[in-house]
>>> print(open('structure09.txt').read())   # compact mmCIF, C-alpha atoms
# COMPACT_ATOMS: atom_id res chain seq x y z
CA ALA E 221 -90.04 -80.19 -66.52
CA TRP E 222 -88.35 -83.49 -65.69
CA SER E 223 -91.66 -85.30 -65.22
CA ILE E 224 -93.15 -83.92 -68.45
CA SER E 225 -90.01 -84.72 -70.43
CA ASN E 226 -89.90 -88.25 -69.01
CA ALA E 227 -93.58 -88.74 -69.83
CA THR E 228 -93.01 -87.71 -73.43
CA SER E 229 -89.98 -89.98 -73.67
CA GLY E 230 -91.68 -93.17 -72.55
CA GLY E 231 -95.28 -92.37 -73.40
CA SER E 232 -97.40 -94.00 -76.06
CA PRO E 233 -98.74 -91.91 -78.98
CA GLU E 234 -102.11 -91.75 -77.22
CA GLN E 235 -100.51 -90.58 -73.97
CA ILE E 236 -98.46 -87.89 -75.74
CA LYS E 237 -101.56 -86.74 -77.59
CA TYR E 238 -103.31 -86.39 -74.24
CA LEU E 239 -100.37 -84.46 -72.74
CA VAL E 240 -100.32 -82.06 -75.68
CA GLY E 241 -104.07 -81.59 -75.37
CA GLN E 242 -103.62 -80.73 -71.71
CA GLY E 243 -101.12 -77.99 -72.53
CA CYS E 244 -97.88 -79.70 -71.49
CA VAL E 245 -95.92 -78.03 -74.32
CA THR E 246 -96.29 -74.52 -72.87
CA PRO E 247 -94.26 -75.16 -69.67
CA LEU E 248 -91.57 -76.86 -71.77
CA CYS E 249 -91.39 -73.80 -74.04
CA ASP E 250 -91.29 -71.52 -70.99
CA LEU E 251 -88.19 -73.35 -69.74
CA LEU E 252 -86.30 -72.52 -72.93
CA THR E 253 -85.51 -69.14 -71.37
CA SER E 254 -83.96 -70.68 -68.25
CA GLU E 255 -80.40 -69.68 -67.41
CA GLU E 256 -79.66 -73.26 -66.36
CA PRO E 257 -78.41 -75.25 -69.39
CA LYS E 258 -79.46 -78.56 -67.86
CA LEU E 259 -83.08 -77.42 -67.63
CA VAL E 260 -82.99 -76.05 -71.16
CA LYS E 261 -81.72 -79.38 -72.49
CA VAL E 262 -84.48 -81.22 -70.64
CA ALA E 263 -87.06 -78.87 -72.18
CA ILE E 264 -85.65 -79.28 -75.69
CA GLY E 265 -85.62 -83.06 -75.20
CA GLY E 266 -89.28 -83.04 -74.20
CA ILE E 267 -90.20 -80.86 -77.18
CA GLU E 268 -88.28 -83.13 -79.53
CA ASN E 269 -90.07 -86.19 -78.13
CA VAL E 270 -93.42 -84.53 -78.78
CA LEU E 271 -92.45 -83.65 -82.34
CA LYS E 272 -91.19 -87.19 -82.98
CA ALA E 273 -94.54 -88.55 -81.84
CA GLY E 274 -96.24 -86.10 -84.19
CA GLU E 275 -94.30 -87.53 -87.13
CA SER E 276 -96.04 -90.87 -86.68
CA GLU E 277 -99.42 -89.15 -87.00
CA ALA E 278 -98.41 -87.00 -89.98
CA PRO E 279 -99.57 -89.48 -92.66
CA GLN E 280 -103.10 -89.32 -91.22
CA ARG E 281 -102.92 -85.50 -91.16
CA GLY E 282 -102.06 -84.91 -94.78
CA GLY E 283 -98.35 -85.14 -94.05
CA ALA E 284 -98.33 -82.32 -91.47
CA ASN E 285 -96.94 -82.83 -87.99
CA PRO E 286 -99.97 -82.13 -85.75
CA TYR E 287 -97.83 -81.09 -82.78
CA ALA E 288 -95.56 -78.60 -84.55
CA ILE E 289 -98.14 -75.86 -84.09
CA ALA E 290 -98.22 -76.49 -80.34
CA VAL E 291 -94.44 -76.06 -80.24
CA HIS E 292 -94.53 -72.99 -82.52
CA GLU E 293 -94.89 -70.67 -79.52
CA GLY E 294 -91.35 -71.65 -78.54
CA LEU E 295 -89.86 -71.52 -82.03
CA ALA E 296 -88.33 -68.06 -81.65
CA ARG E 297 -86.63 -69.24 -78.44
CA LEU E 298 -85.34 -72.38 -80.12
CA GLU E 299 -83.91 -70.31 -82.96
CA LYS E 300 -82.16 -68.06 -80.47
CA LEU E 301 -80.76 -71.05 -78.58
CA GLN E 302 -78.86 -72.13 -81.69
CA ALA E 303 -76.31 -69.50 -80.68
CA HIS E 304 -76.18 -70.58 -77.01
CA THR E 305 -72.77 -70.66 -75.37
CA ASN E 306 -73.43 -74.23 -74.22
CA GLU E 307 -72.61 -76.43 -77.22
CA ASP E 308 -75.05 -79.20 -76.26
CA VAL E 309 -77.91 -76.72 -75.98
CA ALA E 310 -77.02 -75.07 -79.30
CA GLU E 311 -76.73 -78.43 -81.08
CA LYS E 312 -80.03 -79.75 -79.72
CA ALA E 313 -81.86 -76.54 -80.62
CA LYS E 314 -80.41 -76.52 -84.14
CA ARG E 315 -81.42 -80.13 -84.70
CA VAL E 316 -85.03 -79.45 -83.73
CA VAL E 317 -85.34 -76.26 -85.78
CA GLU E 318 -83.82 -77.77 -88.94
CA ARG E 319 -85.75 -81.02 -88.75
CA TYR E 320 -89.20 -79.77 -87.86
CA PHE E 321 -89.50 -76.09 -88.83
CA GLY E 322 -88.29 -75.71 -92.40
CA ARG E 323 -89.97 -73.89 -95.28
CA GLU E 324 -92.29 -76.83 -95.98
CA TRP E 325 -93.52 -76.75 -92.39
CA ARG E 326 -94.43 -73.09 -92.71
CA ALA E 327 -96.70 -73.77 -95.68
CA GLU E 328 -98.33 -76.69 -93.89
CA ALA E 329 -98.77 -74.63 -90.73
CA GLU E 330 -100.53 -71.84 -92.59
CA GLN E 331 -102.85 -74.32 -94.28
CA ALA E 332 -103.67 -75.97 -90.93
CA ALA E 333 -104.27 -72.58 -89.33
CA THR E 334 -106.60 -71.59 -92.17
CA GLU E 335 -108.71 -74.66 -91.43
CA GLU E 336 -108.53 -74.22 -87.65
CA PHE E 337 -109.57 -70.56 -87.83
CA ALA E 338 -112.45 -71.20 -90.27
CA PRO E 339 -115.20 -71.82 -87.66
CA LEU E 340 -113.99 -68.86 -85.59
CA LEU E 341 -114.07 -66.49 -88.55
CA ALA E 342 -117.47 -67.82 -89.55
CA ARG E 343 -118.79 -67.14 -86.06
CA ALA E 344 -117.43 -63.59 -86.26
CA GLN E 345 -118.87 -63.16 -89.77
CA VAL E 346 -115.45 -62.32 -91.18
CA GLU E 347 -116.24 -63.02 -94.81
CA ASP E 348 -112.95 -61.92 -96.37
CA ALA E 349 -110.49 -64.25 -94.64
CA SER E 350 -107.98 -63.62 -97.43
CA ALA E 351 -107.43 -60.13 -96.05
CA LEU E 352 -107.02 -61.15 -92.41
CA LEU E 353 -105.10 -64.43 -92.54
CA PRO E 354 -101.89 -63.10 -94.18
CA LYS E 355 -101.65 -60.42 -91.48
CA LEU E 356 -102.06 -63.03 -88.74
CA PHE E 357 -99.51 -65.37 -90.31
CA ALA E 358 -96.99 -62.56 -90.79
CA ASN E 359 -97.12 -61.96 -87.03
CA GLY E 360 -96.69 -65.64 -86.20
CA VAL E 361 -100.33 -66.22 -85.27
CA LEU E 362 -100.63 -69.81 -86.47
CA SER E 363 -102.81 -71.42 -83.83
CA VAL E 364 -105.82 -70.75 -81.63
CA THR E 365 -103.44 -70.51 -78.66
CA ALA E 366 -101.63 -67.64 -80.39
CA LEU E 367 -104.85 -66.02 -81.56
CA VAL E 368 -106.34 -66.05 -78.05
CA ALA E 369 -103.56 -63.70 -76.93
CA LEU E 370 -105.06 -60.97 -79.13
CA SER E 371 -107.79 -58.87 -77.54
CA ALA E 372 -110.76 -57.45 -79.37
CA ALA E 373 -108.99 -54.08 -79.29
CA ASP E 374 -105.90 -55.67 -80.91
CA LEU E 375 -108.03 -57.24 -83.61
CA GLN E 376 -109.52 -53.84 -84.35
CA SER E 377 -106.41 -51.67 -84.24
CA GLN E 378 -103.84 -54.09 -85.68
CA TYR E 379 -105.95 -56.16 -88.04
CA GLY E 380 -108.69 -53.79 -89.15
CA LEU E 381 -111.75 -55.71 -87.97
CA ALA E 382 -114.97 -53.90 -87.17
CA ALA E 383 -115.83 -53.71 -83.46
CA ALA E 384 -118.58 -56.34 -83.58
CA GLN E 385 -116.43 -58.73 -85.59
CA ALA E 386 -113.47 -58.25 -83.26
CA GLU E 387 -115.59 -58.95 -80.17
CA ALA E 388 -117.17 -62.02 -81.75
CA LEU E 389 -113.83 -63.42 -82.91
CA ALA E 390 -112.22 -62.86 -79.51
CA ALA E 391 -115.14 -64.63 -77.80
CA ALA E 392 -115.08 -67.57 -80.22
CA THR E 393 -111.32 -67.90 -79.84
CA LEU E 394 -111.54 -67.99 -76.05
CA ALA E 395 -114.24 -70.66 -76.30
CA ALA E 396 -112.19 -72.76 -78.71
CA GLU E 397 -109.16 -72.57 -76.42
CA ALA E 398 -111.24 -73.50 -73.36
CA PHE E 399 -112.81 -76.43 -75.23
CA ARG E 400 -109.48 -77.70 -76.60
CA PRO E 401 -108.42 -79.96 -73.67
CA LEU E 402 -111.98 -81.25 -73.26
CA LEU E 403 -112.30 -82.19 -76.93
CA SER E 404 -108.84 -83.73 -76.88
CA SER E 405 -109.61 -85.90 -73.86
CA ALA E 406 -112.82 -87.12 -75.54
CA GLN E 407 -111.02 -87.61 -78.89
CA VAL E 408 -113.41 -85.26 -80.66
CA GLU E 409 -112.26 -83.30 -83.72
CA ALA E 410 -112.71 -79.58 -83.07
CA SER E 411 -113.16 -78.69 -86.75
CA ALA E 412 -116.32 -80.78 -86.94
CA LEU E 413 -117.91 -79.85 -83.62
CA LEU E 414 -117.07 -76.18 -83.07
CA PRO E 415 -119.24 -74.78 -85.89
CA LYS E 416 -122.25 -76.63 -84.50
CA LEU E 417 -121.59 -75.45 -80.94
CA PHE E 418 -121.07 -71.86 -82.05
CA ALA E 419 -124.21 -71.93 -84.18
CA ASN E 420 -126.18 -72.79 -81.03
CA GLY E 421 -124.47 -70.15 -78.90
CA VAL E 422 -122.35 -72.62 -76.91
CA LEU E 423 -119.40 -70.33 -76.18
CA SER E 424 -118.33 -71.30 -72.68
CA VAL E 425 -117.50 -74.38 -70.65
CA SER E 426 -120.61 -73.63 -68.57
CA ALA E 427 -122.80 -73.84 -71.67
CA LEU E 428 -121.05 -76.99 -72.86
CA ALA E 429 -121.43 -78.61 -69.43
CA ALA E 430 -125.19 -78.00 -69.64
CA LEU E 431 -125.40 -80.40 -72.60
CA SER E 432 -126.04 -84.04 -71.76
CA ALA E 433 -124.35 -86.94 -73.49
CA ALA E 434 -127.67 -87.71 -75.19
CA GLU E 435 -127.86 -84.17 -76.58
CA LEU E 436 -124.27 -84.34 -77.81
CA GLN E 437 -125.26 -87.49 -79.68
CA SER E 438 -128.59 -86.43 -81.11
CA GLN E 439 -127.93 -82.74 -81.77
CA TYR E 440 -124.20 -82.74 -82.52
CA GLY E 441 -123.66 -86.14 -84.08
CA LEU E 442 -121.09 -87.52 -81.64
CA ALA E 443 -120.66 -91.25 -81.14
CA ALA E 444 -121.97 -92.52 -77.80
CA ALA E 445 -118.59 -93.07 -76.15
CA ARG E 446 -117.24 -89.68 -77.23
CA ALA E 447 -120.43 -87.90 -76.23
CA GLU E 448 -120.25 -89.47 -72.78
CA ALA E 449 -116.55 -88.62 -72.40
CA LEU E 450 -117.06 -85.02 -73.49
CA ALA E 451 -120.07 -84.52 -71.22
CA LEU E 452 -118.13 -85.84 -68.22
CA ALA E 453 -115.05 -83.74 -69.05
CA ALA E 454 -117.13 -80.57 -69.44
CA LYS E 455 -118.99 -81.12 -66.18
CA ALA E 456 -115.73 -81.80 -64.31
CA ALA E 457 -114.18 -78.62 -65.76
CA GLU E 458 -117.23 -76.58 -64.79
CA GLU E 459 -117.26 -77.96 -61.24
CA LYS E 460 -113.58 -77.09 -60.95
CA ARG E 461 -114.25 -73.54 -62.17
CA VAL E 462 -117.13 -73.02 -59.75
CA ALA E 463 -115.07 -74.41 -56.86
CA ALA E 464 -112.20 -72.06 -57.71
CA GLU E 465 -114.53 -69.05 -57.83
CA ARG E 466 -116.09 -70.00 -54.51
CA ALA E 467 -112.68 -70.46 -52.91
CA ALA E 468 -111.56 -67.06 -54.17
CA ALA E 469 -114.72 -65.41 -52.84
CA LEU E 470 -114.30 -67.15 -49.49
CA LEU E 471 -110.69 -66.00 -49.23
CA GLN E 472 -111.64 -62.43 -50.11
CA ALA E 473 -114.42 -62.42 -47.50
CA ALA E 474 -112.09 -63.84 -44.87
CA GLU E 475 -109.39 -61.28 -45.60
CA SER E 476 -111.90 -58.43 -45.37
CA GLY E 477 -113.27 -59.72 -42.08
CA ASP E 478 -116.77 -60.24 -43.52
CA ALA E 479 -117.87 -63.07 -41.22
CA ALA E 480 -121.46 -63.05 -42.52
CA ARG E 481 -120.26 -63.52 -46.09
CA VAL E 482 -117.94 -66.34 -45.01
CA ARG E 483 -120.83 -68.16 -43.32
CA GLU E 484 -123.03 -67.61 -46.37
CA LEU E 485 -120.44 -69.16 -48.70
CA ILE E 486 -119.82 -72.11 -46.41
CA GLU E 487 -123.55 -72.77 -46.05
CA ALA E 488 -124.05 -72.52 -49.80
CA LYS E 489 -121.30 -75.07 -50.34
CA ALA E 490 -122.89 -77.42 -47.79
CA ASP E 491 -126.29 -77.09 -49.49
CA ILE E 492 -124.81 -77.93 -52.89
CA GLU E 493 -123.00 -81.01 -51.53
CA THR E 494 -126.17 -82.15 -49.78
>>> encode(input="structure09.txt", output="C-alpha cells")
Amino acid sequence: AWSISNATSGGSPEQIKYLVGQGCVTPLCDLLTSEEPKLVKVAIGGIENVLKAGESEAPQRGGANPYAIAVHEGLARLEKLQAHTNEDVAEKAKRVVERYFGREWRAEAEQAATEEFAPLLARAQVEDASALLPKLFANGVLSVTALVALSAADLQSQYGLAAAQAEALAAATLAAEAFRPLLSSAQVEASALLPKLFANGVLSVSALAALSAAELQSQYGLAAARAEALALAAKAAEEKRVAAERAAALLQAAESGDAARVRELIEAKADIET
C-alpha cells in the first residue's frame, strides 16, 4: 500500500496511467476495510492521487475523469468511511466522495460504461441494450471489472439474457478484462480494437499472443510501435500463464508422488527452453 501510494504521489501522468492499467487501484480499495486507520489513510491518499491525475486527462475524455470508474469499486467503502470514528479518515473520505463522485459523475460514468460495454454486447448479440444497461447501472455495474464478476448464470437469472447471449457476454467480458493491462501498456484504445479482435474470434490472451506485430498492423490497423508493444506484452503474458500452469502441474505431481509425471514435466520444460 505504501509503495503504491508513494508511486501515485510522485508519478507522472503516464506512470499513473500505467499503474491504473496494471490494476493498482484494487489493492488500494481493498485496504479501505482495514481496521488500522493509518493504512486506510494511506489507501485514501493513493486513491485521491489517482483521481487527481485523472482530472488532468478529463478534457481529452469529454470532461470525464478516466480513473473514477477504476475507483468506483471502492466507492461504497469510501461512503461508509465518512462516518469513521477517526476524524482524519472520515474527513479524507468525505473530501474524495464529494469532489469526485457527485451526480454529474454518475451521468458521465453511465455514458462511459455504455461505450465500454458496446463491443461486448455486440459480440453477445444483445441488440436491445436499452433493456439491459439500466439494470446493470442500478446494481453499480459501471465497468468491465464489475461486469466480469457476473457469471453467465447471473446474467441469465438476474438480467434476463438468453443462455447463448449470457455465455457469449461472459466470455467477451473475461477477454476484455484480460486484455486491459496489455492494451494499456501498449497505449491502445480498447474501444477501437476489441470489436475487431472479437469479430475474428480472438477471445483469450493465447489467441492474442498468436498474432504478430505485422498482423496487428495490417489486419487491425495499429501503428507500428503500438503493434510491436502489444505483441510483446501478449507473448510475455502468455509465457507467464503457461509457466504458472506448468508449475502448478509439477507441484501437484510432486505432492501425489508421481515421479514419472514430474520427470515428464521437467523434460518438457527443458525441451521448450532448448
>>> residues_around(input="structure09.txt", residues="segment 382-393 of chain E", least_positions_apart="6", cutoff="8 Å", atoms="all atoms listed in the file", output="list in words")
Leu340, Leu341, Arg343, Ala344, Gln345, Val346, Val364, Leu367, Val368, Leu370, Ser371, Ala372, Ala373, Leu375, Gln376, Phe418 and Leu423 of chain E
>>> atom_distance(input="structure09.txt", atom1="atom CA of Ile289 of chain E", atom2="atom CA of Leu413 of chain E")
20.2 Å
>>> residues_near_point(input="structure09.txt", point="(-85.4, -82.3, -69.6)", cutoff="12 Å", atoms="all atoms listed in the file", output="PyMOL selection string")
chain E and resi 221-229+247-249+251-252+254+256-269+309+312
>>> write_last_selection(input="structure09.txt", atoms="C-alpha atoms", output="mmCIF file, in the frame of the given file")
data_model
loop_
_atom_site.group_PDB
_atom_site.id
_atom_site.type_symbol
_atom_site.label_atom_id
_atom_site.label_comp_id
_atom_site.auth_asym_id
_atom_site.auth_seq_id
_atom_site.Cartn_x
_atom_site.Cartn_y
_atom_site.Cartn_z
ATOM 1 C CA ALA E 221 -90.040 -80.190 -66.520
ATOM 2 C CA TRP E 222 -88.350 -83.490 -65.690
ATOM 3 C CA SER E 223 -91.660 -85.300 -65.220
ATOM 4 C CA ILE E 224 -93.150 -83.920 -68.450
ATOM 5 C CA SER E 225 -90.010 -84.720 -70.430
ATOM 6 C CA ASN E 226 -89.900 -88.250 -69.010
ATOM 7 C CA ALA E 227 -93.580 -88.740 -69.830
ATOM 8 C CA THR E 228 -93.010 -87.710 -73.430
ATOM 9 C CA SER E 229 -89.980 -89.980 -73.670
ATOM 10 C CA PRO E 247 -94.260 -75.160 -69.670
ATOM 11 C CA LEU E 248 -91.570 -76.860 -71.770
ATOM 12 C CA CYS E 249 -91.390 -73.800 -74.040
ATOM 13 C CA LEU E 251 -88.190 -73.350 -69.740
ATOM 14 C CA LEU E 252 -86.300 -72.520 -72.930
ATOM 15 C CA SER E 254 -83.960 -70.680 -68.250
ATOM 16 C CA GLU E 256 -79.660 -73.260 -66.360
ATOM 17 C CA PRO E 257 -78.410 -75.250 -69.390
ATOM 18 C CA LYS E 258 -79.460 -78.560 -67.860
ATOM 19 C CA LEU E 259 -83.080 -77.420 -67.630
ATOM 20 C CA VAL E 260 -82.990 -76.050 -71.160
ATOM 21 C CA LYS E 261 -81.720 -79.380 -72.490
ATOM 22 C CA VAL E 262 -84.480 -81.220 -70.640
ATOM 23 C CA ALA E 263 -87.060 -78.870 -72.180
ATOM 24 C CA ILE E 264 -85.650 -79.280 -75.690
ATOM 25 C CA GLY E 265 -85.620 -83.060 -75.200
ATOM 26 C CA GLY E 266 -89.280 -83.040 -74.200
ATOM 27 C CA ILE E 267 -90.200 -80.860 -77.180
ATOM 28 C CA GLU E 268 -88.280 -83.130 -79.530
ATOM 29 C CA ASN E 269 -90.070 -86.190 -78.130
ATOM 30 C CA VAL E 309 -77.910 -76.720 -75.980
ATOM 31 C CA LYS E 312 -80.030 -79.750 -79.720
#
>>> residues_around(input="structure09.txt", residues="Ala278 of chain E", least_positions_apart="5", cutoff="12 Å", atoms="all atoms listed in the file", output="tab-separated table (two decimals) with C-alpha atoms, in the coordinates of the input")
chain	number	residue	atom	x	y	z
E	271	LEU	CA	-92.45	-83.65	-82.34
E	272	LYS	CA	-91.19	-87.19	-82.98
E	273	ALA	CA	-94.54	-88.55	-81.84
E	283	GLY	CA	-98.35	-85.14	-94.05
E	284	ALA	CA	-98.33	-82.32	-91.47
E	285	ASN	CA	-96.94	-82.83	-87.99
E	286	PRO	CA	-99.97	-82.13	-85.75
E	287	TYR	CA	-97.83	-81.09	-82.78
E	288	ALA	CA	-95.56	-78.60	-84.55
E	320	TYR	CA	-89.20	-79.77	-87.86
E	325	TRP	CA	-93.52	-76.75	-92.39
E	328	GLU	CA	-98.33	-76.69	-93.89
>>> atom_distance(input="structure09.txt", atom1="atom CA of Glu459 of chain E", atom2="atom CA of Phe399 of chain E")
14.8 Å
>>> closest_residue(input="structure09.txt", among="E:Ala398, E:Leu356, E:Leu417, E:Leu471", to="Asp374 of chain E", atoms="all atoms listed in the file")
E:Leu356
>>> residues_near_point(input="structure09.txt", point="(-119.7, -83.8, -72.1)", cutoff="8 Å", atoms="all atoms listed in the file", output="PyMOL selection string")
chain E and resi 428-429+431-433+436+447-455
>>> decode(input="structure09.txt", residues="segment 438-464 of chain E", atoms="C-alpha atoms", output="PDB file, in the first residue's frame")
ATOM      1  CA  SER E 438      -2.103  -4.954 -41.339  1.00  0.00           C
ATOM      2  CA  GLN E 439      -5.272  -6.621 -40.036  1.00  0.00           C
ATOM      3  CA  TYR E 440      -6.121  -4.439 -37.039  1.00  0.00           C
ATOM      4  CA  GLY E 441      -4.808  -1.047 -38.070  1.00  0.00           C
ATOM      5  CA  LEU E 442      -2.368  -0.452 -35.215  1.00  0.00           C
ATOM      6  CA  ALA E 443       0.608   1.845 -35.634  1.00  0.00           C
ATOM      7  CA  ALA E 444       3.947   0.030 -35.822  1.00  0.00           C
ATOM      8  CA  ALA E 445       5.171   0.946 -32.338  1.00  0.00           C
ATOM      9  CA  ARG E 446       1.878   0.043 -30.672  1.00  0.00           C
ATOM     10  CA  ALA E 447       1.582  -3.197 -32.626  1.00  0.00           C
ATOM     11  CA  GLU E 448       5.075  -4.198 -31.534  1.00  0.00           C
ATOM     12  CA  ALA E 449       4.390  -3.257 -27.903  1.00  0.00           C
ATOM     13  CA  LEU E 450       1.099  -5.160 -27.822  1.00  0.00           C
ATOM     14  CA  ALA E 451       2.585  -8.257 -29.458  1.00  0.00           C
ATOM     15  CA  LEU E 452       5.428  -8.326 -26.924  1.00  0.00           C
ATOM     16  CA  ALA E 453       3.068  -7.753 -23.977  1.00  0.00           C
ATOM     17  CA  ALA E 454       0.712 -10.519 -25.128  1.00  0.00           C
ATOM     18  CA  LYS E 455       3.529 -13.015 -25.633  1.00  0.00           C
ATOM     19  CA  ALA E 456       5.008 -12.204 -22.215  1.00  0.00           C
ATOM     20  CA  ALA E 457       1.596 -12.653 -20.572  1.00  0.00           C
ATOM     21  CA  GLU E 458       1.077 -15.967 -22.344  1.00  0.00           C
ATOM     22  CA  GLU E 459       4.513 -17.250 -21.343  1.00  0.00           C
ATOM     23  CA  LYS E 460       3.763 -16.289 -17.755  1.00  0.00           C
ATOM     24  CA  ARG E 461       0.433 -18.138 -17.890  1.00  0.00           C
ATOM     25  CA  VAL E 462       1.994 -21.286 -19.337  1.00  0.00           C
ATOM     26  CA  ALA E 463       4.797 -21.195 -16.765  1.00  0.00           C
ATOM     27  CA  ALA E 464       2.268 -20.860 -13.947  1.00  0.00           C
TER      28      ALA E 464
END
